[in-house]
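Asks: data28.txt (compact mmCIF, C-alpha atoms and all ligand atoms) pasted underneath:
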# COMPACT_ATOMS: atom_id res chain seq x y z
CA MET A 1 167.90 -24.96 47.55
CA LYS A 2 167.36 -25.75 43.92
CA ALA A 3 163.64 -25.92 43.18
CA SER A 4 161.54 -27.35 40.38
CA ALA A 5 157.88 -26.73 39.55
CA PHE A 6 155.61 -29.42 38.13
CA VAL A 7 153.66 -28.54 35.00
CA TYR A 8 151.63 -30.31 32.33
CA PRO A 9 152.15 -29.61 28.64
CA TRP A 10 148.61 -28.16 28.47
CA ASP A 11 149.60 -25.52 31.04
CA VAL A 12 152.26 -24.22 28.67
CA ASN A 13 151.26 -24.90 25.06
CA GLY A 14 149.24 -22.04 23.63
CA ASP A 15 150.16 -19.67 26.49
CA PRO A 16 152.97 -17.31 25.45
CA ASP A 17 153.17 -16.02 29.04
CA ALA A 18 153.87 -19.46 30.56
CA PRO A 19 157.71 -19.26 30.60
CA GLY A 20 157.39 -15.91 32.35
CA TRP A 21 155.03 -16.95 35.14
CA ILE A 22 157.01 -20.12 35.71
CA ALA A 23 160.39 -18.34 35.85
CA ARG A 24 159.02 -15.69 38.23
CA LEU A 25 158.49 -18.44 40.82
CA GLY A 26 162.25 -18.41 41.32
CA VAL A 27 162.68 -22.03 40.25
CA GLU A 28 165.63 -23.37 38.28
CA GLN A 29 163.78 -26.30 36.76
CA VAL A 30 160.44 -27.52 35.50
CA THR A 31 159.30 -31.11 35.80
CA LEU A 32 157.09 -31.57 32.76
CA ALA A 33 154.72 -34.54 32.42
CA ALA A 34 155.69 -36.90 29.57
CA ALA A 35 153.54 -39.93 30.51
CA TYR A 36 150.51 -39.34 32.67
CA HIS A 37 147.38 -41.02 33.97
CA SER A 38 143.83 -39.84 33.33
CA THR A 39 142.93 -36.62 35.08
CA ARG A 40 140.70 -33.58 35.09
CA ALA A 41 142.81 -30.47 35.56
CA LEU A 42 142.17 -26.77 36.02
CA THR A 43 144.20 -24.28 33.96
CA PRO A 44 143.31 -20.94 35.61
CA ARG A 45 145.68 -18.78 33.55
CA HIS A 46 145.47 -20.28 30.08
CA PRO A 47 144.28 -17.89 27.36
CA ARG A 48 142.06 -20.54 25.69
CA HIS A 49 140.80 -23.16 28.16
CA ARG A 50 140.02 -23.74 31.84
CA ILE A 51 139.33 -27.46 32.24
CA VAL A 52 141.47 -30.14 30.59
CA THR A 53 140.17 -33.70 30.65
CA ALA A 54 142.76 -36.37 30.00
CA GLU A 55 140.49 -39.30 29.27
CA HIS A 56 143.02 -42.09 29.67
CA ALA A 57 146.61 -42.76 30.64
CA ALA A 58 148.75 -41.61 27.75
CA VAL A 59 152.18 -40.58 26.56
CA LEU A 60 152.34 -36.88 25.73
CA TYR A 61 154.60 -37.36 22.71
CA PRO A 62 154.46 -39.68 19.67
CA PRO A 63 155.55 -43.19 20.79
CA ASP A 64 158.25 -44.74 18.60
CA GLY A 65 158.60 -47.98 16.68
CA ARG A 66 159.70 -50.08 19.66
CA TRP A 67 156.06 -50.96 20.39
CA ALA A 68 155.29 -52.54 17.02
CA GLY A 69 153.62 -55.92 17.48
CA ARG A 70 153.54 -55.64 21.27
CA PRO A 71 150.13 -56.08 22.91
CA LEU A 72 151.03 -53.91 25.91
CA ARG A 73 151.89 -50.47 24.59
CA PRO A 74 151.35 -46.84 25.54
CA HIS A 75 148.62 -44.82 23.86
CA PRO A 76 149.15 -41.30 22.54
CA ALA A 77 147.02 -38.61 24.13
CA GLY A 78 143.89 -37.27 22.48
CA ASP A 79 143.17 -33.60 22.01
CA TRP A 80 144.38 -32.75 25.54
CA ALA A 81 148.01 -33.21 24.44
CA PRO A 82 148.18 -33.84 20.68
CA GLY A 83 151.33 -34.58 18.69
CA ASP A 84 154.59 -33.87 20.45
CA ALA A 85 152.98 -31.87 23.23
CA TRP A 86 155.92 -32.54 25.54
CA GLY A 87 158.50 -31.31 23.02
CA GLU A 88 156.50 -28.18 22.25
CA ALA A 89 156.02 -27.41 25.95
CA ALA A 90 159.69 -28.03 26.79
CA ALA A 91 161.01 -25.51 24.30
CA ALA A 92 159.66 -22.39 26.00
CA PRO A 93 161.00 -22.89 29.55
CA ALA A 94 164.30 -24.15 28.12
CA GLY A 95 164.47 -20.90 26.12
CA ALA A 96 163.89 -18.98 29.37
CA GLY A 97 166.95 -20.67 30.90
CA LEU A 98 165.14 -23.33 32.93
CA GLU A 99 166.26 -26.96 33.06
CA VAL A 100 163.54 -29.30 31.87
CA HIS A 101 163.09 -32.79 33.34
CA THR A 102 160.47 -35.37 32.41
CA TRP A 103 157.77 -36.60 34.79
CA VAL A 104 156.79 -40.17 34.04
CA VAL A 105 153.90 -42.07 35.64
CA LEU A 106 154.40 -45.82 35.25
CA ALA A 107 152.42 -48.56 37.09
CA HIS A 108 149.10 -46.72 37.30
CA ASN A 109 147.00 -47.03 34.18
CA SER A 110 143.29 -47.79 34.06
CA ARG A 111 143.23 -48.11 30.28
CA LEU A 112 145.82 -50.89 30.48
CA GLY A 113 143.57 -52.66 32.99
CA ALA A 114 140.49 -52.16 30.82
CA GLU A 115 142.13 -53.47 27.65
CA HIS A 116 144.18 -56.22 29.30
CA PRO A 117 142.28 -57.41 32.39
CA ASP A 118 144.82 -60.14 33.11
CA THR A 119 147.49 -57.50 33.86
CA SER A 120 145.63 -56.11 36.90
CA VAL A 121 146.20 -56.69 40.59
CA VAL A 122 143.55 -59.09 41.96
CA ASN A 123 142.85 -58.89 45.70
CA ALA A 124 142.21 -61.66 48.21
CA TYR A 125 138.49 -61.64 47.37
CA GLY A 126 139.13 -61.96 43.64
CA ASP A 127 138.25 -58.31 42.94
CA ARG A 128 140.30 -56.86 40.10
CA TYR A 129 141.93 -53.42 40.36
CA PRO A 130 142.04 -52.16 36.76
CA TRP A 131 144.00 -49.03 37.79
CA ALA A 132 146.82 -51.14 39.25
CA PRO A 133 148.97 -53.25 36.91
CA CYS A 134 150.61 -56.21 38.69
CA ILE A 135 154.33 -55.51 38.50
CA ALA A 136 155.23 -59.18 39.02
CA GLN A 137 154.02 -60.19 35.55
CA PRO A 138 156.83 -60.39 32.96
CA ALA A 139 154.89 -58.72 30.11
CA THR A 140 153.88 -55.83 32.37
CA ARG A 141 157.47 -55.39 33.53
CA ALA A 142 158.72 -55.28 29.94
CA TYR A 143 156.08 -52.66 29.12
CA LEU A 144 157.01 -50.55 32.15
CA THR A 145 160.76 -50.62 31.55
CA GLY A 146 160.22 -49.78 27.86
CA LEU A 147 157.89 -46.93 28.77
CA ALA A 148 160.32 -45.62 31.39
CA ALA A 149 163.14 -45.47 28.86
CA GLU A 150 161.06 -43.87 26.11
CA ALA A 151 159.15 -41.32 28.19
CA ALA A 152 162.04 -40.30 30.47
CA VAL A 153 164.55 -39.56 27.74
CA ARG A 154 162.79 -36.92 25.66
CA PRO A 155 164.96 -34.66 23.50
CA GLY A 156 166.33 -31.81 25.62
CA ALA A 157 165.46 -33.37 28.99
CA ARG A 158 168.27 -33.21 31.56
CA GLY A 159 166.74 -35.77 33.88
CA THR A 160 163.57 -37.56 34.89
CA GLU A 161 161.29 -38.22 37.84
CA LEU A 162 159.72 -41.67 37.79
CA GLU A 163 156.42 -41.92 39.65
CA SER A 164 154.49 -45.11 40.53
CA LEU A 165 157.51 -47.33 39.92
CA GLY A 166 156.41 -50.05 42.29
CA TRP A 167 153.26 -51.66 43.65
CA TYR A 168 149.96 -49.99 43.25
CA GLY A 169 147.07 -51.18 45.36
CA LEU A 170 143.75 -50.09 46.74
CA ALA A 171 144.85 -46.62 47.83
CA GLN A 172 144.18 -44.47 44.81
CA LEU A 173 141.35 -42.24 43.79
CA HIS A 174 139.57 -44.01 40.98
CA ALA A 175 136.57 -42.73 39.03
CA HIS A 176 133.99 -41.27 41.43
CA ASP A 177 135.59 -42.82 44.45
CA LYS A 178 133.34 -44.30 47.15
CA THR A 179 135.76 -46.49 49.08
CA ALA A 180 136.37 -44.45 52.23
CA GLY A 181 133.50 -45.91 54.29
CA VAL A 182 135.79 -48.01 56.47
CA GLY A 183 139.12 -46.61 57.61
CA LEU A 184 141.67 -49.33 56.84
CA GLY A 185 144.92 -47.75 57.97
CA ASP A 186 148.29 -48.90 56.66
CA VAL A 187 147.63 -52.48 57.73
CA GLY A 188 144.29 -52.77 55.94
CA GLN A 189 145.68 -51.02 52.89
CA TYR A 190 148.47 -53.59 52.67
CA LEU A 191 146.12 -56.53 53.05
CA MET A 192 143.68 -55.11 50.49
CA SER A 193 146.56 -54.45 48.08
CA LEU A 194 148.08 -57.94 48.11
CA CYS A 195 147.85 -59.46 44.64
CA PHE A 196 146.65 -63.00 43.97
CA CYS A 197 147.18 -63.21 40.22
CA PRO A 198 148.86 -66.42 39.02
CA ALA A 199 152.32 -64.80 39.06
CA CYS A 200 151.92 -63.64 42.65
CA ARG A 201 150.48 -66.97 43.84
CA ALA A 202 153.55 -68.64 42.39
CA GLY A 203 155.70 -66.03 44.09
CA TYR A 204 154.19 -66.69 47.51
CA GLY A 205 154.92 -70.36 46.84
CA GLU A 206 158.58 -69.50 46.23
CA GLU A 207 158.58 -67.83 49.63
CA GLY A 208 157.33 -71.04 51.25
CA LEU A 209 153.58 -70.45 51.44
CA ASP A 210 150.90 -72.79 50.19
CA ALA A 211 149.63 -71.10 47.01
CA ASP A 212 145.93 -71.12 47.99
CA GLU A 213 146.19 -70.53 51.68
CA PRO A 214 147.26 -66.85 51.89
CA ALA A 215 144.10 -65.46 50.23
CA SER A 216 141.77 -67.00 52.80
CA ALA A 217 144.14 -65.93 55.57
CA VAL A 218 144.08 -62.36 54.26
CA ARG A 219 140.26 -62.35 54.13
CA ALA A 220 140.14 -63.63 57.71
CA ALA A 221 142.70 -61.01 58.78
CA LEU A 222 140.62 -58.22 57.26
CA GLU A 223 137.34 -59.30 58.83
CA PRO A 224 137.77 -57.38 62.12
CA LEU A 225 138.54 -54.23 60.12
CA TRP A 226 135.28 -54.50 58.17
CA ARG A 227 133.44 -54.94 61.45
CA GLY A 228 134.96 -51.71 62.77
CA ALA A 229 137.28 -53.28 65.32
CA ILE A 230 139.34 -50.81 67.29
CA LEU A 231 142.87 -51.90 66.58
CA GLU A 232 144.65 -49.35 68.71
CA PRO A 233 147.09 -51.83 70.28
CA LEU A 234 148.26 -52.78 66.80
CA TRP A 235 149.51 -49.29 66.11
CA ARG A 236 151.82 -49.00 69.12
CA GLY A 237 154.83 -50.13 67.14
CA ALA A 238 153.90 -48.03 64.12
CA ALA A 239 156.41 -45.27 64.67
CA ARG A 240 159.28 -47.76 64.75
CA ASP A 241 158.36 -50.11 61.93
CA GLY A 242 155.95 -48.13 59.74
CA GLY A 243 153.01 -50.17 61.06
CA TRP A 244 154.37 -53.53 59.96
CA SER A 245 153.86 -55.15 63.36
CA GLY A 246 150.13 -54.65 62.79
CA VAL A 247 150.26 -56.72 59.59
CA GLU A 248 152.20 -59.44 61.43
CA LYS A 249 149.64 -59.55 64.23
CA LEU A 250 146.64 -59.83 61.90
CA LEU A 251 148.09 -62.11 59.25
CA GLY A 252 150.64 -64.05 61.28
CA GLU A 253 154.35 -63.35 61.20
CA THR A 254 155.35 -66.07 58.73
CA ARG A 255 152.65 -65.25 56.18
CA ALA A 256 153.16 -61.51 56.55
CA ASN A 257 156.90 -61.72 56.01
CA ALA A 258 156.63 -64.17 53.11
CA THR A 259 154.22 -61.90 51.22
CA ARG A 260 156.41 -58.89 51.90
CA ALA A 261 159.56 -60.72 50.84
CA TRP A 262 157.96 -61.55 47.48
CA ARG A 263 156.65 -58.04 46.94
CA ASP A 264 159.89 -56.34 48.01
CA ARG A 265 161.87 -58.59 45.66
CA VAL A 266 159.54 -57.81 42.74
CA ALA A 267 159.58 -54.04 43.36
CA ARG A 268 163.34 -53.79 43.91
CA SER A 269 164.17 -55.65 40.72
CA LEU A 270 161.66 -53.61 38.69
CA GLN A 271 163.08 -50.36 40.05
CA GLN A 272 166.57 -51.53 39.21
CA GLU A 273 165.62 -52.66 35.68
CA ALA A 274 163.66 -49.51 34.85
CA VAL A 275 166.42 -47.17 36.03
CA ALA A 276 168.96 -49.22 34.06
CA ALA A 277 166.77 -48.98 30.94
CA VAL A 278 166.54 -45.19 31.34
CA ARG A 279 170.30 -44.88 31.81
CA ALA A 280 170.95 -47.02 28.74
CA ALA A 281 168.81 -44.67 26.62
CA ALA A 282 170.01 -41.40 28.19
CA PRO A 283 172.97 -39.13 27.56
CA ASP A 284 175.76 -38.91 30.16
CA GLY A 285 174.86 -36.93 33.24
CA PHE A 286 171.12 -37.57 32.90
CA GLN A 287 169.54 -37.48 36.36
CA VAL A 288 167.14 -40.25 37.43
CA LEU A 289 164.95 -39.72 40.51
CA LEU A 290 162.10 -41.81 41.95
CA HIS A 291 159.00 -40.57 43.74
CA ALA A 292 159.40 -42.73 46.81
CA ASP A 293 158.15 -43.73 50.26
CA PRO A 294 160.81 -45.15 52.62
CA VAL A 295 158.45 -47.86 53.92
CA SER A 296 158.86 -50.64 51.37
CA TYR A 297 155.42 -52.22 51.92
CA HIS A 298 153.54 -49.01 51.12
CA CYS A 299 151.80 -48.81 47.73
CA GLY A 300 151.02 -45.91 45.46
CA ALA A 301 152.36 -43.01 43.44
CA ASN A 302 155.26 -42.69 45.87
CA ALA A 303 156.45 -46.27 45.50
CA GLY A 304 157.60 -48.10 48.60
CA VAL A 305 161.37 -48.57 48.43
CA ASP A 306 164.29 -49.76 50.52
CA PRO A 307 166.20 -46.48 51.07
CA ALA A 308 169.67 -48.05 50.94
CA HIS A 309 168.84 -49.99 47.78
CA ILE A 310 167.19 -47.18 45.86
CA LEU A 311 169.97 -44.70 46.56
CA SER A 312 172.42 -47.23 45.15
CA VAL A 313 170.32 -47.44 41.96
CA ALA A 314 168.91 -43.96 41.28
CA ASP A 315 170.45 -40.50 41.71
CA GLY A 316 167.95 -39.68 44.40
CA VAL A 317 164.34 -39.54 45.49
CA VAL A 318 161.39 -37.14 45.61
CA VAL A 319 159.63 -37.52 48.96
CA PRO A 320 156.17 -36.27 50.02
CA CYS A 321 156.74 -33.56 52.66
CA THR A 322 153.49 -31.55 52.75
CA GLY A 323 152.45 -31.45 56.40
CA GLY A 324 155.74 -32.85 57.67
CA ALA A 325 159.11 -33.89 56.30
CA GLY A 326 159.72 -36.97 58.45
CA LEU A 327 159.78 -39.35 55.47
CA LEU A 328 163.10 -37.78 54.46
CA THR A 329 164.88 -39.15 57.52
CA PRO A 330 165.36 -42.79 56.42
CA PHE A 331 166.91 -41.52 53.17
CA ALA A 332 169.07 -38.91 54.89
CA GLN A 333 170.33 -41.56 57.31
CA GLN A 334 171.97 -43.34 54.37
CA ARG A 335 174.42 -40.42 54.16
CA ARG A 336 174.90 -41.11 50.48
CA ALA A 337 177.21 -38.47 49.02
CA GLY A 338 175.67 -36.56 46.13
CA ALA A 339 172.21 -38.13 46.45
CA VAL A 340 169.32 -35.80 45.62
CA LEU A 341 166.69 -35.74 48.38
CA ALA A 342 163.92 -33.55 47.00
CA ALA A 343 161.11 -32.44 49.30
CA HIS A 344 157.74 -32.57 47.49
CA LEU A 345 155.59 -29.69 48.77
CA THR A 346 152.05 -29.02 47.59
CA VAL A 347 151.64 -25.29 46.99
CA VAL A 348 148.02 -25.41 45.82
CA ALA A 349 145.96 -24.30 48.82
CA GLY A 350 142.80 -25.82 47.35
CA LEU A 351 144.50 -29.23 47.24
CA GLY A 352 145.65 -29.12 50.86
CA GLY A 353 148.90 -27.26 50.19
CA ARG A 354 150.54 -24.53 52.26
CA PRO A 355 151.90 -21.95 49.81
CA ALA A 356 152.05 -19.23 52.47
CA ALA A 357 154.19 -21.50 54.68
CA LEU A 358 156.58 -22.49 51.90
CA ALA A 359 159.68 -20.87 53.39
CA ALA A 360 159.08 -22.49 56.80
CA ASP A 361 158.25 -25.90 55.31
CA ALA A 362 161.34 -25.75 53.08
CA ALA A 363 163.56 -24.85 56.05
CA ARG A 364 162.15 -27.77 58.04
CA ALA A 365 162.76 -30.12 55.12
CA ARG A 366 166.33 -28.85 54.76
CA ASP A 367 166.94 -29.53 58.46
CA LEU A 368 165.85 -33.13 57.85
CA GLY A 369 168.17 -33.57 54.88
CA ALA A 370 166.38 -32.17 51.81
CA THR A 371 168.76 -30.96 49.11
CA GLU A 372 166.10 -29.72 46.64
CA LEU A 373 162.43 -28.73 46.49
CA ARG A 374 159.61 -29.84 44.23
CA LEU A 375 156.64 -27.49 44.03
CA TYR A 376 153.34 -29.17 43.19
CA HIS A 377 151.93 -27.74 40.97
CA ALA A 378 152.57 -24.52 39.01
CA GLY A 379 149.79 -25.13 36.49
CA LEU A 380 147.06 -26.07 38.98
CA ALA A 381 147.81 -23.23 41.42
CA SER A 382 145.76 -20.04 41.70
CA ASP A 383 147.39 -16.66 41.12
CA ALA A 384 147.34 -16.13 44.90
CA ASP A 385 149.18 -19.43 45.44
CA LEU A 386 151.84 -18.45 42.91
CA GLU A 387 152.20 -15.03 44.51
CA ALA A 388 152.85 -16.70 47.89
CA VAL A 389 155.53 -18.89 46.28
CA ARG A 390 157.15 -15.85 44.69
CA GLU A 391 157.20 -14.06 48.05
CA ALA A 392 158.86 -16.96 49.87
CA PRO A 393 162.39 -15.75 50.60
CA ALA A 394 165.12 -16.62 48.12
CA GLY A 395 167.21 -19.48 49.45
CA ARG A 396 164.08 -21.24 50.76
ZN ZN A 401 150.14 -60.22 40.80
Could you write out this file's structure as structure tokens?

Replies:
Amino acid sequence: MKASAFVYPWDVNGDPDAPGWIARLGVEQVTLAAAYHSTRALTPRHPRHRIVTAEHAAVLYPPDGRWAGRPLRPHPAGDWAPGDAWGEAAAAPAGAGLEVHTWVVLAHNSRLGAEHPDTSVVNAYGDRYPWAPCIAQPATRAYLTGLAAEAAVRPGARGTELESLGWYGLAQLHAHDKTAGVGLGDVGQYLMSLCFCPACRAGYGEEGLDADEPASAVRAALEPLWRGAILEPLWRGAARDGGWSGVEKLLGETRANATRAWRDRVARSLQQEAVAAVRAAAPDGFQVLLHADPVSYHCGANAGVDPAHILSVADGVVVPCTGGAGLLTPFAQQRRAGAVLAAHLTVVAGLGGRPAALAADAARARDLGATELRLYHAGLASDADLEAVREAPAGR
């Protein structure tokens, strides 16, 4: 199977050996970050540095004139990726014969939330989530589609992987995270991720709900979870419907389905518009993939999608498969000819990955429909992790 390794520009720039250690992994492609959220990253092989701190969400290239006069705009990186860091980093692997694709993080941006508080998701209690832009708001959508087009189509890129192109919610590490005290499960995560900004209140109204009533209903629905209720019976249908029956039981079927209808509609149209914007800016044959979760009400970096819809819009999906490849099945069941179904496998042992089991995990993913592999993450991995990847049999 064709494989690609994720890297950041700071893994490559300033390290003349980088194209070599990447190519020795046996990959055909690198997926190189072009727009990325804040992070603190290890660079264990770099000749000059070990810890890179990306202080805010940034584009890793100089943004162009399209943003002039627009309040919502991407920021260039600071010294962690100065100038055209993406372009500089892309040249070396391309010279070594590797395809280079962009990696673009979209609706996850704490700096946007800090500078423009009105753009953030607001939960049922009125708490604002500055890391999560509300994708129902027109200005935010225009920003995201513009960013997708600019960051995806960098000179020399043959394709892109769009991450966080959908709803973000509670489930995301933020700052020094202290939110794990009560296990919320998929149901609690959904309820805590519902947005009550003015655009979303109006949206729930369009779906037939009283604009003020859902927030109090959501707070009431969450109360047993905060009190540690054992909700085992709610999960019995989880395997069949991704846990949705639990949301219906706690929130009531009508309210649950109205909120989901609004959110699905918003996410689908954003995904469609962003992919169209990328295609309009890209050369022929440019590949567009989404990091995706086949359960449309899920939030996060792997955006919840409708598998049939997304495979009619994008060229394929990248699906989290570390620890099990079952999320591929709803995409494989579409039997869409030519669709890319890439299995995302963490190969950094220190981040919960299984580099030594790569060949077995890849074979399992292929059995469930994977057509390609994504190896997360060549820059963050130890030498021992990379050695295990290299030793995984060819044809993995
Ligand atoms: Zn909203």

Asks: Ranking A:Leu191, A:Val317, A:Val30, A:Val348 by minimum distance to Phe6 in chain A and counting all atoms listed in the file, which one comes first?

Replies: A:Val30

Asks: Scan for residues within 9 Å of the point (174.2, -37.2, 46.3) in the coordinates of the file, using all atoms listed in the file, and reply as a VMD selection string.

Replies: chain A and resid 311 315 to 316 335 to 341 371

Asks: With C-alpha atoms retained, export the selected residues as a tab-separated table (two decimals), in the frame of the given file.

Replies:
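Output (part.tsv):
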chain	number	residue	atom	x	y	z
A	311	LEU	CA	169.97	-44.70	46.56
A	315	ASP	CA	170.45	-40.50	41.71
A	316	GLY	CA	167.95	-39.68	44.40
A	335	ARG	CA	174.42	-40.42	54.16
A	336	ARG	CA	174.90	-41.11	50.48
A	337	ALA	CA	177.21	-38.47	49.02
A	338	GLY	CA	175.67	-36.56	46.13
A	339	ALA	CA	172.21	-38.13	46.45
A	340	VAL	CA	169.32	-35.80	45.62
A	341	LEU	CA	166.69	-35.74	48.38
A	371	THR	CA	168.76	-30.96	49.11

Asks: Hey, which residues sit close to ligand ZN 401 (chain A)? Say within 12 Å, counting all atoms listed in the file, and write them as a PDB file with C-alpha atoms, in the frame of the given file.

Replies:
ATOM      1  CA  PRO A 117     142.280 -57.410  32.390  1.00  0.00           C
ATOM      2  CA  ASP A 118     144.820 -60.140  33.110  1.00  0.00           C
ATOM      3  CA  THR A 119     147.490 -57.500  33.860  1.00  0.00           C
ATOM      4  CA  SER A 120     145.630 -56.110  36.900  1.00  0.00           C
ATOM      5  CA  VAL A 121     146.200 -56.690  40.590  1.00  0.00           C
ATOM      6  CA  VAL A 122     143.550 -59.090  41.960  1.00  0.00           C
ATOM      7  CA  ASN A 123     142.850 -58.890  45.700  1.00  0.00           C
ATOM      8  CA  ALA A 124     142.210 -61.660  48.210  1.00  0.00           C
ATOM      9  CA  GLY A 126     139.130 -61.960  43.640  1.00  0.00           C
ATOM     10  CA  ARG A 128     140.300 -56.860  40.100  1.00  0.00           C
ATOM     11  CA  TYR A 129     141.930 -53.420  40.360  1.00  0.00           C
ATOM     12  CA  ALA A 132     146.820 -51.140  39.250  1.00  0.00           C
ATOM     13  CA  PRO A 133     148.970 -53.250  36.910  1.00  0.00           C
ATOM     14  CA  CYS A 134     150.610 -56.210  38.690  1.00  0.00           C
ATOM     15  CA  ILE A 135     154.330 -55.510  38.500  1.00  0.00           C
ATOM     16  CA  ALA A 136     155.230 -59.180  39.020  1.00  0.00           C
ATOM     17  CA  GLN A 137     154.020 -60.190  35.550  1.00  0.00           C
ATOM     18  CA  PRO A 138     156.830 -60.390  32.960  1.00  0.00           C
ATOM     19  CA  ALA A 139     154.890 -58.720  30.110  1.00  0.00           C
ATOM     20  CA  THR A 140     153.880 -55.830  32.370  1.00  0.00           C
ATOM     21  CA  ARG A 141     157.470 -55.390  33.530  1.00  0.00           C
ATOM     22  CA  TRP A 167     153.260 -51.660  43.650  1.00  0.00           C
ATOM     23  CA  TYR A 168     149.960 -49.990  43.250  1.00  0.00           C
ATOM     24  CA  GLY A 169     147.070 -51.180  45.360  1.00  0.00           C
ATOM     25  CA  SER A 193     146.560 -54.450  48.080  1.00  0.00           C
ATOM     26  CA  LEU A 194     148.080 -57.940  48.110  1.00  0.00           C
ATOM     27  CA  CYS A 195     147.850 -59.460  44.640  1.00  0.00           C
ATOM     28  CA  PHE A 196     146.650 -63.000  43.970  1.00  0.00           C
ATOM     29  CA  CYS A 197     147.180 -63.210  40.220  1.00  0.00           C
ATOM     30  CA  PRO A 198     148.860 -66.420  39.020  1.00  0.00           C
ATOM     31  CA  ALA A 199     152.320 -64.800  39.060  1.00  0.00           C
ATOM     32  CA  CYS A 200     151.920 -63.640  42.650  1.00  0.00           C
ATOM     33  CA  ARG A 201     150.480 -66.970  43.840  1.00  0.00           C
ATOM     34  CA  ALA A 202     153.550 -68.640  42.390  1.00  0.00           C
ATOM     35  CA  GLY A 203     155.700 -66.030  44.090  1.00  0.00           C
ATOM     36  CA  TYR A 204     154.190 -66.690  47.510  1.00  0.00           C
ATOM     37  CA  THR A 259     154.220 -61.900  51.220  1.00  0.00           C
ATOM     38  CA  TRP A 262     157.960 -61.550  47.480  1.00  0.00           C
ATOM     39  CA  ARG A 263     156.650 -58.040  46.940  1.00  0.00           C
ATOM     40  CA  VAL A 266     159.540 -57.810  42.740  1.00  0.00           C
ATOM     41  CA  ALA A 267     159.580 -54.040  43.360  1.00  0.00           C
TER      42      ALA A 267
END

Asks: Report, in Å to a single decimal, how far apart CA of Pro9 in chain A and CA of Ala89 in chain A are.

Replies: 5.2 Å

Asks: Separation of CA of Arg154 in chain A and CA of Val313 in chain A, in Å?

Replies: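 Interatomic distance, CA of Arg154 in chain A to CA of Val313 in chain A: 20.8 Å.
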
Asks: Measuring between all atoms listed in the file, which one of A:Ser269, A:Thr102, A:Ser216, A:Asn109 shows the shortest distance to Glu150 in chain A?

Replies: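 Residue with the minimum atom-to-atom distance to Glu150 in chain A: A:Thr102.
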
Asks: Using all atoms listed in the file, pick whichever of A:Val27, A:Val347, A:Arg66, A:Glu253 has the shortest atom-to-atom distance to Asp383 in chain A.

Replies: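 Of the candidates, the smallest distance to Asp383 in chain A is held by A:Val347.
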
Asks: In terms of the shortest atom-to-atom distance over all atoms listed in the file, which of A:Ala94, A:Ala180, A:Val104, A:Ala77 is closest to Glu55 in chain A?

Replies: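 Counting all atoms listed in the file, the residue closest to Glu55 in chain A is A:Ala77.
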
Asks: Please provide as an NGL selection string all residues within 12 Å of Ala280 in chain A, with the sequence filter that same-chain residues fewer than 6 positions apart are discarded (counting all atoms listed in the file).

Replies: :A and (145-146 or 148-150 or 152-153 or 273-274 or 286 or 288)

Asks: Which of these, A:Arg396, A:His108, A:Arg50, A:Lys178, has the shortest distance to Leu162 in chain A once you count only C-alpha atoms?

Replies: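 Closest candidate: A:His108.
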
Asks: When you count all atoms listed in the file, which of these residues is closest to His377 in chain A: A:Pro16, A:Pro393, A:Pro155, A:Gly353?

Replies: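 For His377 in chain A, the nearest of the candidates is A:Gly353.
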
Asks: For a cut-off of 9 Å around (152.2, -51.6, 55.6), file coordinates, pick out all residues using all atoms listed in the file and list them as a count of residues only.

Replies: 19

Asks: Provide the CA of Ala363 in chain A to CA of Pro330 in chain A distance in Å, to one decimal place.

Replies: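 Distance reported for this atom pair: 18.0 Å.
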
Asks: Residues near Ala314 in chain A, anyone? I mean within 8 Å using all atoms listed in the file, not counting same-chain ones fewer than 6 positions away, as a PyMOL selection string.

Replies: chain A and resi 275+288-290

Asks: Can I get the selection written as a tab-separated table (two decimals), in the coordinates of the input, with C-alpha atoms?

Replies:
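And here's selection-v7.tsv as it stands now:
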chain	number	residue	atom	x	y	z
A	275	VAL	CA	166.42	-47.17	36.03
A	288	VAL	CA	167.14	-40.25	37.43
A	289	LEU	CA	164.95	-39.72	40.51
A	290	LEU	CA	162.10	-41.81	41.95

Asks: Show me, as a ChimeraX atom specification, the residues that have an atom within 7 Å of Ala303 in chain A when counting only C-alpha atoms, minus same-chain residues fewer than 2 positions from it.

Replies: /A:164-167,291-293,298-301,305

Asks: Could you list, as number ranges by chain, every residue within 8 Å of Asp306 in chain A, counting all atoms listed in the file and ignoring same-chain residues fewer than 2 positions away?

Replies: A: 268, 294-296, 304, 308-310
